[in-house]
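Trainee: Hey, dropping target_37.cif in here, mmCIF, C-alpha atoms:
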data_input
loop_
_atom_site.label_atom_id
_atom_site.label_comp_id
_atom_site.auth_asym_id
_atom_site.auth_seq_id
_atom_site.Cartn_x
_atom_site.Cartn_y
_atom_site.Cartn_z
CA MET A 1 22.90 30.10 15.92
CA VAL A 2 21.90 26.51 16.64
CA SER A 3 24.04 24.05 14.82
CA ILE A 4 22.27 21.03 13.41
CA ILE A 5 24.12 17.77 12.94
CA GLU A 6 23.48 16.61 9.42
CA MET A 7 21.69 13.35 8.80
CA SER A 8 22.25 10.93 5.97
CA CYS A 9 19.39 9.95 3.65
CA VAL A 10 19.37 6.42 5.10
CA GLU A 11 18.97 7.82 8.61
CA VAL A 12 16.15 10.06 7.41
CA TRP A 13 14.27 7.19 5.73
CA ARG A 14 14.48 5.18 8.93
CA GLU A 15 12.54 7.86 10.78
CA ILE A 16 10.06 8.97 8.09
CA SER A 17 7.17 7.05 9.61
CA ASN A 18 7.89 8.28 13.15
CA TYR A 19 8.22 11.78 11.73
CA LEU A 20 4.74 11.58 10.22
CA ASP A 21 3.34 10.24 13.50
CA GLN A 22 5.10 13.00 15.47
CA GLU A 23 6.88 10.39 17.51
CA LEU A 24 10.27 12.13 17.41
CA SER A 25 12.11 14.34 19.87
CA PRO A 26 12.11 18.02 18.88
CA ALA A 27 15.86 17.83 18.24
CA LEU A 28 15.58 14.93 15.80
CA ARG A 29 12.58 16.52 14.15
CA GLU A 30 14.59 19.67 13.56
CA ARG A 31 17.42 17.68 11.99
CA MET A 32 14.95 15.92 9.69
CA GLU A 33 13.43 19.22 8.63
CA ALA A 34 16.85 20.64 7.87
CA HIS A 35 17.54 17.61 5.67
CA PHE A 36 14.21 17.87 3.80
CA LYS A 37 15.05 21.46 2.91
CA ILE A 38 18.14 20.44 1.00
CA CYS A 39 17.32 16.91 -0.21
CA LYS A 40 14.85 16.51 -3.05
CA HIS A 41 14.83 12.72 -2.89
CA CYS A 42 13.97 12.57 0.79
CA SER A 43 11.29 15.24 0.35
CA ALA A 44 9.78 13.07 -2.38
CA VAL A 45 9.84 10.04 -0.07
CA LEU A 46 8.21 12.09 2.68
CA ASP A 47 5.49 13.51 0.41
CA GLY A 48 4.78 10.12 -1.13
CA THR A 49 4.57 8.40 2.26
CA ARG A 50 2.29 11.13 3.58
CA ASN A 51 0.11 10.72 0.48
CA VAL A 52 -0.10 6.97 0.99
CA VAL A 53 -1.07 7.36 4.64
CA GLY A 54 -3.78 9.84 3.62
CA LEU A 55 -4.99 7.59 0.83
CA VAL A 56 -5.42 4.46 2.94
CA GLY A 57 -6.84 6.37 5.89
CA ASP A 58 -9.65 8.32 4.35
CA GLY A 59 -12.35 5.78 5.21
CA LYS A 60 -13.28 4.61 1.73
CA LEU A 61 -11.35 1.36 1.86
CA PHE A 62 -12.53 -1.85 3.50
CA GLN A 63 -16.18 -0.97 3.50
CA MET A 64 -18.37 -3.71 4.86
CA PRO A 65 -20.28 -5.77 2.32
CA GLU A 66 -23.88 -4.73 1.89
CA GLY A 67 -26.21 -6.31 4.43
CA PHE A 68 -23.37 -7.03 6.87
CA ASN A 69 -25.16 -5.43 9.85
CA ASN A 70 -28.42 -7.23 9.17
CA ARG A 71 -26.78 -10.60 8.89
CA LEU A 72 -24.84 -9.99 12.10
CA TYR A 73 -27.96 -8.88 13.91
CA LYS A 74 -29.80 -12.00 12.80
CA LYS A 75 -26.96 -14.22 14.04
CA LEU A 76 -27.18 -12.58 17.43
CA GLN A 77 -30.93 -13.11 17.53
CA LYS A 78 -30.42 -16.81 16.99
CA LEU A 79 -28.22 -17.29 20.03
CA PRO A 80 -29.75 -19.75 22.49
CA MET B 1 -8.92 8.96 37.65
CA ALA B 2 -5.86 7.13 36.37
CA GLN B 3 -5.29 6.80 32.63
CA PRO B 4 -8.84 7.55 31.50
CA GLN B 5 -8.00 6.68 27.90
CA LEU B 6 -7.64 3.06 28.95
CA THR B 7 -11.03 2.55 30.50
CA ALA B 8 -14.17 1.70 28.61
CA ASN B 9 -16.50 4.65 28.52
CA GLU B 10 -19.44 4.88 30.84
CA ALA B 11 -22.11 4.42 28.20
CA GLU B 12 -20.48 1.16 27.18
CA LEU B 13 -20.19 -0.03 30.76
CA GLU B 14 -23.88 0.70 31.19
CA LEU B 15 -24.68 -1.35 28.07
CA ILE B 16 -22.49 -4.19 29.31
CA LYS B 17 -24.39 -4.17 32.59
CA ARG B 18 -27.66 -4.43 30.68
CA VAL B 19 -26.37 -7.35 28.59
CA ARG B 20 -25.23 -9.14 31.73
CA GLY B 21 -28.71 -8.52 33.08
CA GLY B 22 -30.16 -10.44 30.15
CA GLU B 23 -30.91 -7.72 27.58
CA ARG B 24 -29.53 -9.20 24.41
CA ASP B 25 -30.37 -6.25 22.17
CA ALA B 26 -28.10 -4.09 24.29
CA PHE B 27 -25.23 -6.21 23.01
CA TYR B 28 -25.98 -5.31 19.43
CA GLU B 29 -26.04 -1.66 20.47
CA LEU B 30 -22.65 -2.21 22.09
CA VAL B 31 -20.92 -3.75 19.06
CA HIS B 32 -22.73 -1.84 16.33
CA PRO B 33 -20.33 1.17 16.32
CA TYR B 34 -17.38 -1.20 15.81
CA GLU B 35 -18.73 -3.30 12.95
CA ARG B 36 -16.48 -1.80 10.33
CA MET B 37 -13.44 -2.10 12.60
CA ILE B 38 -14.23 -5.75 13.25
CA TYR B 39 -14.59 -6.41 9.55
CA ALA B 40 -11.40 -4.53 8.62
CA THR B 41 -9.42 -6.36 11.32
CA ALA B 42 -10.63 -9.71 10.02
CA ILE B 43 -9.88 -8.83 6.41
CA SER B 44 -6.39 -7.61 7.36
CA VAL B 45 -5.59 -11.24 8.18
CA LEU B 46 -7.78 -13.10 5.69
CA LYS B 47 -7.77 -10.76 2.64
CA ASN B 48 -11.08 -12.26 1.55
CA SER B 49 -14.40 -10.54 2.11
CA ALA B 50 -16.56 -13.66 2.63
CA ASP B 51 -14.13 -15.20 5.15
CA ALA B 52 -13.79 -11.85 6.90
CA GLU B 53 -17.55 -11.58 7.31
CA GLU B 54 -17.86 -15.08 8.72
CA VAL B 55 -15.01 -14.54 11.16
CA SER B 56 -16.53 -11.19 12.17
CA GLN B 57 -19.75 -12.92 13.08
CA GLU B 58 -17.94 -15.66 14.99
CA ALA B 59 -15.89 -13.06 16.87
CA VAL B 60 -18.98 -11.11 17.87
CA LEU B 61 -20.72 -14.27 19.09
CA LYS B 62 -17.62 -15.21 21.03
CA ALA B 63 -17.46 -11.76 22.58
CA PHE B 64 -21.09 -12.14 23.64
CA VAL B 65 -20.50 -15.52 25.25
CA ASN B 66 -17.34 -14.31 26.98
CA LEU B 67 -18.54 -10.88 28.00
CA SER B 68 -18.24 -11.83 31.66
CA THR B 69 -14.46 -12.02 31.21
CA PHE B 70 -14.20 -8.43 29.99
CA ARG B 71 -12.56 -6.52 32.82
CA ALA B 72 -12.69 -2.96 31.52
CA GLU B 73 -8.93 -2.71 31.94
CA SER B 74 -8.76 -2.01 28.24
CA LYS B 75 -11.27 -0.33 25.97
CA PHE B 76 -14.15 -2.55 24.96
CA SER B 77 -13.24 -2.00 21.30
CA THR B 78 -9.67 -3.21 21.88
CA TRP B 79 -10.94 -6.34 23.59
CA LEU B 80 -13.39 -6.97 20.77
CA LEU B 81 -10.76 -6.48 18.06
CA GLN B 82 -8.34 -8.72 19.92
CA ILE B 83 -10.94 -11.51 19.81
CA THR B 84 -11.51 -10.80 16.12
CA TYR B 85 -7.82 -10.89 15.31
CA ASN B 86 -7.33 -14.17 17.15
CA GLU B 87 -10.35 -15.74 15.46
CA ALA B 88 -9.04 -14.67 12.06
CA ARG B 89 -5.60 -16.13 12.77
CA MET B 90 -7.19 -19.35 13.92
CA ARG B 91 -9.23 -19.53 10.72
CA LEU B 92 -6.10 -19.04 8.66
CA ARG B 93 -4.28 -21.68 10.64
CA LYS B 94 -7.03 -24.21 9.92
CA ALA B 95 -7.41 -23.30 6.28
CA ARG B 96 -3.79 -22.96 5.35
CA PRO B 97 -1.46 -24.68 7.82
CA HIS B 98 1.56 -24.16 5.57
CA LEU B 99 0.98 -20.46 5.45
CA TRP B 100 0.66 -20.48 9.20
CA GLU B 101 4.14 -21.92 9.60
CA SER B 102 5.58 -19.10 7.60
CA LEU B 103 3.48 -16.63 9.59
CA ASP B 104 5.01 -17.90 12.79
CA GLU B 105 8.44 -17.18 11.47
CA GLN B 106 7.59 -13.66 10.63
CA GLY B 107 9.34 -12.23 13.62
CA GLN B 108 12.41 -12.57 11.49
CA GLY B 109 13.40 -10.17 8.80
CA GLU B 110 12.35 -7.08 10.68
CA GLU B 111 15.89 -5.91 11.11
CA GLY B 112 17.70 -3.74 8.63
CA ASP B 113 16.55 -0.80 6.58
CA VAL B 114 13.95 -0.49 3.88
CA SER B 115 15.22 1.68 1.09
CA PRO B 116 12.73 3.50 -1.08
CA LYS B 117 13.07 2.62 -4.74
CA ASP B 118 11.10 5.40 -6.31
CA PHE B 119 11.92 9.07 -5.91
CA ALA B 120 9.38 10.67 -8.17
CA ASP B 121 7.45 13.68 -6.94
CA TRP B 122 3.89 12.98 -5.93
CA ARG B 123 1.15 15.44 -6.45
CA PRO B 124 -1.18 15.69 -3.46
CA ILE B 125 -3.87 13.05 -3.88
CA PRO B 126 -7.39 14.41 -3.91
CA SER B 127 -9.69 12.41 -1.67
CA GLU B 128 -12.21 12.07 -4.51
CA SER B 129 -9.75 9.92 -6.45
CA LEU B 130 -10.65 6.99 -4.18
CA GLU B 131 -14.21 7.22 -5.42
CA GLN B 132 -12.91 5.99 -8.73
CA ASN B 133 -12.93 2.24 -8.83
CA GLU B 134 -9.62 2.04 -10.58
CA THR B 135 -7.80 3.96 -7.87
CA ARG B 136 -9.49 2.07 -5.08
CA GLN B 137 -8.56 -1.23 -6.67
CA ALA B 138 -4.95 -0.14 -7.12
CA VAL B 139 -4.68 0.77 -3.44
CA GLN B 140 -6.47 -2.39 -2.36
CA LYS B 141 -4.22 -4.52 -4.54
CA ALA B 142 -1.11 -2.86 -3.14
CA ILE B 143 -2.25 -3.48 0.45
CA ASP B 144 -3.01 -7.12 -0.38
CA ALA B 145 0.48 -7.50 -1.78
CA LEU B 146 2.10 -6.65 1.56
CA SER B 147 3.26 -9.46 3.86
CA PRO B 148 0.67 -10.23 6.55
CA ILE B 149 2.67 -8.67 9.39
CA TYR B 150 2.89 -5.37 7.52
CA ARG B 151 -0.67 -5.45 6.23
CA GLU B 152 -2.15 -6.08 9.68
CA VAL B 153 -0.34 -3.18 11.32
CA LEU B 154 -1.11 -0.85 8.41
CA ILE B 155 -4.82 -1.64 8.54
CA LEU B 156 -5.05 -1.20 12.30
CA ARG B 157 -2.98 2.00 12.41
CA ASP B 158 -3.56 3.81 9.12
CA VAL B 159 -6.93 2.51 7.95
CA GLN B 160 -8.63 2.31 11.34
CA HIS B 161 -6.57 4.99 13.08
CA LEU B 162 -5.99 2.94 16.21
CA THR B 163 -3.26 4.11 18.59
CA ILE B 164 0.10 2.38 18.88
CA ARG B 165 -1.01 1.09 22.27
CA GLU B 166 -4.26 -0.40 20.96
CA THR B 167 -2.45 -1.93 18.00
CA LYS B 168 0.19 -3.61 20.14
CA THR B 169 -2.48 -5.05 22.46
CA ILE B 170 -4.55 -6.44 19.60
CA LEU B 171 -1.61 -7.97 17.77
CA GLY B 172 0.23 -9.07 20.92
CA ILE B 173 3.52 -7.49 19.83
CA SER B 174 5.80 -4.81 21.28
CA GLU B 175 5.48 -1.10 20.67
CA GLY B 176 8.80 -1.20 18.83
CA SER B 177 7.49 -3.87 16.45
CA VAL B 178 4.36 -1.84 15.76
CA LYS B 179 6.51 1.13 14.76
CA THR B 180 8.99 -0.87 12.69
CA ARG B 181 6.31 -2.82 10.85
CA LEU B 182 4.25 0.27 10.18
CA HIS B 183 7.28 2.08 8.85
CA ARG B 184 8.07 -0.76 6.48
CA ALA B 185 4.47 -1.12 5.42
CA ARG B 186 4.22 2.56 4.52
CA LEU B 187 7.46 2.66 2.55
CA LEU B 188 6.62 -0.55 0.68
CA LEU B 189 3.15 0.72 -0.11
CA ARG B 190 4.59 3.99 -1.31
CA ASP B 191 6.81 2.17 -3.78
CA LEU B 192 3.91 -0.03 -4.91
CA LEU B 193 1.75 3.03 -5.50
CA ALA B 194 4.40 5.24 -7.06
CA PRO B 195 2.90 7.69 -9.54
CA GLY B 196 4.57 6.19 -12.57
CA ILE B 197 6.64 3.52 -14.20
CA ASP B 198 10.32 4.04 -14.41
CA GLY B 199 11.42 3.20 -17.93
CA PHE B 200 15.00 2.77 -16.79
CA GLY B 201 16.79 0.33 -19.06
CA ILE B 202 14.16 0.46 -21.76
CA LYS B 203 15.39 2.31 -24.80
CA GLY B 204 13.68 5.61 -25.42
CA GLN B 205 11.49 5.34 -22.33
CA SER B 206 11.52 7.66 -19.40
CA TYR B 207 9.40 7.99 -16.30
CA ARG B 208 5.80 7.71 -17.30
CA LYS B 209 2.93 8.74 -15.05
CA VAL B 210 0.29 6.04 -14.76
CA ARG B 211 -1.64 7.25 -11.74
CA PRO B 212 -3.60 10.41 -11.12
CA TRP B 213 -1.15 11.68 -8.48
#
Represent the structure from my file as C-alpha coordinates, please.
Mentor:
Amino acid sequence: MVSIIEMSCVEVWREISNYLDQELSPALRERMEAHFKICKHCSAVLDGTRNVVGLVGDGKLFQMPEGFNNRLYKKLQKLP
Amino acid sequence: MAQPQLTANEAELELIKRVRGGERDAFYELVHPYERMIYATAISVLKNSADAEEVSQEAVLKAFVNLSTFRAESKFSTWLLQITYNEARMRLRKARPHLWESLDEQGQGEEGDVSPKDFADWRPIPSESLEQNETRQAVQKAIDALSPIYREVLILRDVQHLTIRETKTILGISEGSVKTRLHRARLLLRDLLAPGIDGFGIKGQSYRKVRPW
(Lines of atoms letter the chains of each structure in order from A and count residues from 1; the text may use other names and numbers.)
(Lines give C-alpha, C1' and ligand atoms only; values in the text may rest on other atoms or scores of the structure.)
Protein backbone atom coordinates (compact mmCIF):
# COMPACT_ATOMS: atom_id res chain seq x y z
CA MET A 1 0.00 0.00 0.00
CA VAL A 2 1.26 3.48 -0.87
CA SER A 3 1.32 5.73 2.11
CA ILE A 4 0.25 9.31 1.51
CA ILE A 5 1.59 12.09 3.68
CA GLU A 6 -1.36 14.10 4.87
CA MET A 7 -1.69 17.74 3.90
CA SER A 8 -3.17 20.52 5.95
CA CYS A 9 -6.07 22.59 4.62
CA VAL A 10 -3.80 25.64 4.27
CA GLU A 11 -1.37 23.64 2.14
CA VAL A 12 -4.24 22.40 0.00
CA TRP A 13 -5.63 25.90 -0.59
CA ARG A 14 -2.21 27.07 -1.69
CA GLU A 15 -2.22 24.55 -4.52
CA ILE A 16 -5.90 24.63 -5.57
CA SER A 17 -5.24 26.76 -8.62
CA ASN A 18 -2.27 24.67 -9.76
CA TYR A 19 -4.37 21.57 -9.15
CA LEU A 20 -7.08 22.87 -11.49
CA ASP A 21 -4.46 23.74 -14.11
CA GLN A 22 -2.84 20.30 -13.76
CA GLU A 23 0.43 21.94 -12.88
CA LEU A 24 1.26 19.56 -10.03
CA SER A 25 3.49 16.52 -9.77
CA PRO A 26 1.56 13.23 -9.68
CA ALA A 27 2.64 12.72 -6.06
CA LEU A 28 1.29 16.07 -4.88
CA ARG A 29 -1.86 15.58 -6.91
CA GLU A 30 -2.44 12.27 -5.18
CA ARG A 31 -2.02 13.87 -1.76
CA MET A 32 -4.52 16.59 -2.69
CA GLU A 33 -7.04 14.02 -3.87
CA ALA A 34 -6.66 12.08 -0.64
CA HIS A 35 -7.37 15.28 1.29
CA PHE A 36 -10.46 16.18 -0.80
CA LYS A 37 -11.93 12.78 0.00
CA ILE A 38 -11.96 13.47 3.70
CA CYS A 39 -12.31 17.27 3.89
CA LYS A 40 -15.67 18.82 3.09
CA HIS A 41 -14.42 22.39 3.37
CA CYS A 42 -11.58 21.93 0.92
CA SER A 43 -13.87 20.08 -1.51
CA ALA A 44 -16.21 23.08 -1.35
CA VAL A 45 -13.31 25.43 -2.07
CA LEU A 46 -12.24 23.25 -4.99
CA ASP A 47 -15.75 23.00 -6.46
CA GLY A 48 -16.37 26.72 -6.04
CA THR A 49 -13.05 27.66 -7.63
CA ARG A 50 -13.68 25.28 -10.52
CA ASN A 51 -17.13 26.83 -10.94
CA VAL A 52 -15.68 30.33 -11.00
CA VAL A 53 -13.06 29.38 -13.60
CA GLY A 54 -15.81 27.85 -15.74
CA LEU A 55 -18.05 30.86 -15.29
CA VAL A 56 -15.50 33.47 -16.34
CA GLY A 57 -14.13 31.33 -19.14
CA ASP A 58 -17.20 30.44 -21.10
CA GLY A 59 -16.86 33.26 -23.62
CA LYS A 60 -19.89 35.33 -22.70
CA LEU A 61 -18.01 37.97 -20.74
CA PHE A 62 -16.15 40.92 -22.23
CA GLN A 63 -17.95 40.90 -25.52
CA MET A 64 -16.89 43.70 -27.81
CA PRO A 65 -19.27 46.64 -28.11
CA GLU A 66 -21.46 46.53 -31.18
CA GLY A 67 -19.79 48.00 -34.26
CA PHE A 68 -16.29 47.53 -32.82
CA ASN A 69 -14.96 45.76 -35.94
CA ASN A 70 -16.38 48.33 -38.31
CA ARG A 71 -14.94 51.24 -36.41
CA LEU A 72 -11.55 49.53 -36.25
CA TYR A 73 -11.64 48.77 -39.95
CA LYS A 74 -12.45 52.39 -40.74
CA LYS A 75 -9.53 53.60 -38.60
CA LEU A 76 -7.20 51.35 -40.53
CA GLN A 77 -8.53 52.66 -43.82
CA LYS A 78 -7.70 56.19 -42.76
CA LEU A 79 -4.02 55.49 -42.19
CA PRO A 80 -1.83 57.64 -44.43
CA MET B 1 11.49 22.44 -36.00
CA ALA B 2 12.22 23.77 -32.53
CA GLN B 3 9.35 24.78 -30.27
CA PRO B 4 6.67 25.09 -32.93
CA GLN B 5 4.18 26.52 -30.43
CA LEU B 6 6.30 29.64 -30.25
CA THR B 7 6.35 30.55 -33.90
CA ALA B 8 3.66 32.46 -35.70
CA ASN B 9 1.74 30.19 -38.00
CA GLU B 10 2.43 30.12 -41.69
CA ALA B 11 -0.83 31.73 -42.77
CA GLU B 12 -0.06 34.69 -40.54
CA LEU B 13 3.49 34.98 -41.82
CA GLU B 14 2.09 35.00 -45.34
CA LEU B 15 -0.33 37.81 -44.39
CA ILE B 16 2.50 39.76 -42.76
CA LYS B 17 4.51 39.45 -45.96
CA ARG B 18 1.57 40.84 -47.93
CA VAL B 19 1.18 43.77 -45.52
CA ARG B 20 4.88 44.55 -45.81
CA GLY B 21 4.40 44.44 -49.56
CA GLY B 22 1.83 47.22 -49.28
CA GLU B 23 -1.49 45.36 -49.01
CA ARG B 24 -3.19 47.15 -46.18
CA ASP B 25 -6.34 45.02 -46.17
CA ALA B 26 -4.19 42.00 -45.37
CA PHE B 27 -3.46 43.65 -42.04
CA TYR B 28 -7.12 43.74 -41.13
CA GLU B 29 -7.32 40.06 -42.02
CA LEU B 30 -4.35 39.47 -39.74
CA VAL B 31 -5.76 41.22 -36.66
CA HIS B 32 -9.44 40.39 -37.17
CA PRO B 33 -9.32 37.00 -35.35
CA TYR B 34 -7.82 38.71 -32.28
CA GLU B 35 -10.22 41.63 -31.93
CA ARG B 36 -11.97 40.27 -28.89
CA MET B 37 -8.65 39.39 -27.24
CA ILE B 38 -7.35 42.90 -27.87
CA TYR B 39 -10.49 44.40 -26.40
CA ALA B 40 -10.49 42.11 -23.35
CA THR B 41 -6.81 42.83 -22.68
CA ALA B 42 -7.45 46.57 -22.81
CA ILE B 43 -10.49 46.35 -20.56
CA SER B 44 -8.56 44.21 -18.05
CA VAL B 45 -6.45 47.30 -17.37
CA LEU B 46 -8.97 50.09 -17.95
CA LYS B 47 -12.27 48.53 -16.76
CA ASN B 48 -14.15 50.93 -19.01
CA SER B 49 -15.58 49.91 -22.37
CA ALA B 50 -15.12 53.23 -24.20
CA ASP B 51 -11.48 53.61 -23.08
CA ALA B 52 -10.82 49.98 -23.92
CA GLU B 53 -12.13 50.46 -27.46
CA GLU B 54 -10.02 53.56 -28.03
CA VAL B 55 -6.89 51.88 -26.72
CA SER B 56 -7.64 48.81 -28.85
CA GLN B 57 -7.71 50.98 -31.93
CA GLU B 58 -4.50 52.76 -30.96
CA ALA B 59 -2.79 49.43 -30.29
CA VAL B 60 -3.81 48.04 -33.67
CA LEU B 61 -2.56 51.16 -35.45
CA LYS B 62 0.68 50.95 -33.53
CA ALA B 63 1.06 47.30 -34.46
CA PHE B 64 0.57 48.23 -38.10
CA VAL B 65 3.19 50.97 -37.99
CA ASN B 66 5.64 48.73 -36.14
CA LEU B 67 5.00 45.52 -38.01
CA SER B 68 8.56 45.57 -39.36
CA THR B 69 9.81 45.00 -35.80
CA PHE B 70 7.82 41.80 -35.36
CA ARG B 71 10.38 39.00 -35.43
CA ALA B 72 8.16 35.94 -35.29
CA GLU B 73 10.02 34.77 -32.20
CA SER B 74 6.71 34.87 -30.40
CA LYS B 75 3.21 34.33 -31.72
CA PHE B 76 1.79 37.29 -33.57
CA SER B 77 -1.13 37.36 -31.12
CA THR B 78 1.22 37.60 -28.12
CA TRP B 79 3.08 40.48 -29.72
CA LEU B 80 -0.19 42.23 -30.51
CA LEU B 81 -1.55 41.77 -26.98
CA GLN B 82 1.72 42.96 -25.50
CA ILE B 83 1.36 46.21 -27.45
CA THR B 84 -2.26 46.47 -26.31
CA TYR B 85 -1.38 45.91 -22.68
CA ASN B 86 1.38 48.52 -22.78
CA GLU B 87 -0.88 51.04 -24.49
CA ALA B 88 -3.56 50.47 -21.87
CA ARG B 89 -1.08 50.95 -19.03
CA MET B 90 0.19 54.12 -20.64
CA ARG B 91 -3.37 55.43 -20.93
CA LEU B 92 -3.96 54.72 -17.26
CA ARG B 93 -0.72 56.40 -16.33
CA LYS B 94 -1.75 59.56 -18.16
CA ALA B 95 -5.31 59.58 -16.89
CA ARG B 96 -4.67 58.65 -13.31
CA PRO B 97 -1.07 59.24 -12.23
CA HIS B 98 -1.89 58.56 -8.59
CA LEU B 99 -3.33 55.19 -9.40
CA TRP B 100 -0.23 54.47 -11.43
CA GLU B 101 2.00 54.98 -8.41
CA SER B 102 0.06 52.41 -6.50
CA LEU B 103 0.15 50.10 -9.51
CA ASP B 104 3.92 50.27 -9.52
CA GLU B 105 4.02 49.12 -5.96
CA GLN B 106 1.90 46.14 -6.67
CA GLY B 107 4.79 43.74 -6.67
CA GLN B 108 4.34 43.85 -2.94
CA GLY B 109 1.75 41.93 -1.06
CA GLU B 110 2.01 38.82 -3.16
CA GLU B 111 3.53 36.83 -0.36
CA GLY B 112 1.51 34.90 2.17
CA ASP B 113 -1.59 32.80 1.82
CA VAL B 114 -5.09 33.68 0.76
CA SER B 115 -7.60 31.94 2.95
CA PRO B 116 -11.04 31.23 1.59
CA LYS B 117 -13.78 32.79 3.68
CA ASP B 118 -16.77 30.92 2.40
CA PHE B 119 -17.16 27.16 2.58
CA ALA B 120 -20.64 26.70 1.23
CA ASP B 121 -21.28 24.00 -1.33
CA TRP B 122 -21.70 25.24 -4.87
CA ARG B 123 -24.03 23.62 -7.28
CA PRO B 124 -22.51 23.24 -10.75
CA ILE B 125 -23.23 26.45 -12.65
CA PRO B 126 -25.14 25.94 -15.87
CA SER B 127 -23.59 27.87 -18.73
CA GLU B 128 -26.99 29.37 -19.60
CA SER B 129 -26.99 31.28 -16.33
CA LEU B 130 -24.56 33.78 -17.88
CA GLU B 131 -27.18 34.62 -20.46
CA GLN B 132 -29.11 36.21 -17.65
CA ASN B 133 -28.11 39.80 -17.25
CA GLU B 134 -28.16 39.64 -13.50
CA THR B 135 -25.63 36.83 -13.36
CA ARG B 136 -23.39 38.39 -15.95
CA GLN B 137 -23.39 41.66 -14.07
CA ALA B 138 -22.58 39.93 -10.79
CA VAL B 139 -19.58 38.20 -12.35
CA GLN B 140 -18.47 41.37 -14.12
CA LYS B 141 -18.77 43.37 -10.92
CA ALA B 142 -16.75 40.80 -8.99
CA ILE B 143 -13.97 40.86 -11.61
CA ASP B 144 -13.93 44.67 -11.53
CA ALA B 145 -13.55 44.56 -7.77
CA LEU B 146 -10.25 42.66 -7.98
CA SER B 147 -6.96 44.58 -7.75
CA PRO B 148 -5.52 45.31 -11.20
CA ILE B 149 -2.70 42.76 -10.92
CA TYR B 150 -5.18 39.98 -10.19
CA ARG B 151 -7.77 41.12 -12.71
CA GLU B 152 -5.23 41.30 -15.55
CA VAL B 153 -3.92 37.78 -15.01
CA LEU B 154 -7.43 36.38 -14.57
CA ILE B 155 -8.65 37.92 -17.81
CA LEU B 156 -5.65 36.74 -19.81
CA ARG B 157 -5.62 33.21 -18.36
CA ASP B 158 -9.22 32.34 -17.51
CA VAL B 159 -11.26 34.58 -19.80
CA GLN B 160 -9.00 34.41 -22.85
CA HIS B 161 -7.44 31.02 -22.12
CA LEU B 162 -3.90 32.16 -22.86
CA THR B 163 -1.06 29.92 -21.69
CA ILE B 164 1.11 30.77 -18.68
CA ARG B 165 3.93 31.50 -21.11
CA GLU B 166 1.89 33.92 -23.22
CA THR B 167 0.56 35.62 -20.09
CA LYS B 168 4.00 36.16 -18.60
CA THR B 169 5.29 37.62 -21.88
CA ILE B 170 2.37 40.02 -22.24
CA LEU B 171 2.49 41.22 -18.65
CA GLY B 172 6.29 41.18 -18.39
CA ILE B 173 6.27 39.18 -15.14
CA SER B 174 7.69 35.81 -14.08
CA GLU B 175 5.94 32.49 -14.44
CA GLY B 176 5.78 32.25 -10.65
CA SER B 177 3.98 35.59 -10.44
CA VAL B 178 1.47 34.51 -13.07
CA LYS B 179 0.64 31.42 -11.01
CA THR B 180 0.49 33.22 -7.67
CA ARG B 181 -1.64 36.07 -8.98
CA LEU B 182 -3.99 33.74 -10.78
CA HIS B 183 -4.38 31.63 -7.68
CA ARG B 184 -5.25 34.67 -5.60
CA ALA B 185 -7.57 36.05 -8.24
CA ARG B 186 -9.53 32.80 -8.41
CA LEU B 187 -9.89 32.41 -4.65
CA LEU B 188 -10.90 36.05 -4.20
CA LEU B 189 -13.42 35.79 -7.00
CA ARG B 190 -14.80 32.62 -5.51
CA ASP B 191 -15.46 34.40 -2.23
CA LEU B 192 -16.99 37.37 -4.04
CA LEU B 193 -19.31 35.08 -5.96
CA ALA B 194 -20.18 32.72 -3.13
CA PRO B 195 -23.66 31.27 -3.54
CA GLY B 196 -25.12 32.98 -0.51
CA ILE B 197 -24.86 35.41 2.33
CA ASP B 198 -23.65 34.15 5.62
CA GLY B 199 -25.96 35.46 8.30
CA PHE B 200 -23.35 34.84 10.97
CA GLY B 201 -23.83 37.25 13.84
CA ILE B 202 -27.29 38.30 12.77
CA LYS B 203 -29.93 36.92 15.08
CA GLY B 204 -32.15 34.30 13.53
CA GLN B 205 -30.34 34.37 10.20
CA SER B 206 -28.49 31.52 8.64
CA TYR B 207 -26.82 31.01 5.30
CA ARG B 208 -29.11 32.29 2.62
CA LYS B 209 -28.69 31.46 -1.05
CA VAL B 210 -28.76 34.55 -3.25
CA ARG B 211 -27.33 33.17 -6.47
CA PRO B 212 -28.55 30.46 -8.79
CA TRP B 213 -25.63 28.14 -7.98
Trainee: Residues of chain A that have any atom at most 7 Å from an atom of chain B: could you tabulate them with the shortest-distance atom pair and the distance in Å to one decimal, using only C-alpha atoms, ordered by chain and increasing number, as CSV?
Mentor:
residue,atom,partner,partner_atom,distance
A:Arg14,CA,B:Asp113,CA,6.8
A:Ser17,CA,B:His183,CA,5.0
A:His41,CA,B:Phe119,CA,5.6
A:Ala44,CA,B:Asp121,CA,5.2
A:Val45,CA,B:Phe119,CA,6.3
A:Asp47,CA,B:Trp122,CA,6.6
A:Gly48,CA,B:Trp122,CA,5.7
A:Thr49,CA,B:Arg190,CA,5.7
A:Asn51,CA,B:Ile125,CA,6.3
A:Val52,CA,B:Arg190,CA,6.0
A:Val53,CA,B:Asp158,CA,6.2
A:Val56,CA,B:Val159,CA,5.6
A:Gly57,CA,B:Val159,CA,4.4
A:Gly59,CA,B:Val159,CA,6.9
A:Lys60,CA,B:Leu130,CA,6.9
A:Phe62,CA,B:Ala40,CA,5.9
A:Gln63,CA,B:Arg36,CA,6.9
A:Met64,CA,B:Arg36,CA,6.1
A:Leu72,CA,B:Gln57,CA,6.0
A:Tyr73,CA,B:Tyr28,CA,6.9
A:Leu76,CA,B:Leu61,CA,6.9
Trainee: One number please: atom CA of B:Asn133 to atom CA of B:Ala145, in Å, one decimal.
Mentor: 18.0 Å
Trainee: Have a look at B:Ser74, B:Lys47, B:Ile83, B:Gly196 and name the one nearest to B:Arg165; count all atoms listed in the file.
Mentor: B:Ser74
Trainee: What does the structure give for the distance between atom CA of A:Gly67 and atom CA of B:Leu67, in Å to one decimal?
Mentor: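 So the two atoms, atom CA of A:Gly67 and atom CA of B:Leu67, lie 25.2 Å apart.
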Trainee: To one decimal place, how far is atom CA of B:Leu171 from atom CA of B:Arg91 in Å?
Mentor: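 Atom CA of B:Leu171 sits 15.5 Å away from atom CA of B:Arg91.
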Trainee: Given the choices B:Trp79, B:Thr167, B:Leu46, B:Val178, which gets closest to B:Ala95 if the distance is worked out from only C-alpha atoms?
Mentor: B:Leu46
Trainee: Run through the PyMOL selection byres ((chain A and resi 35) around 10) on the given coordinates and return the selected residues as an MDAnalysis selection string.
Mentor: chainID A and resid 4:9 12 29:34 36:40 42:43
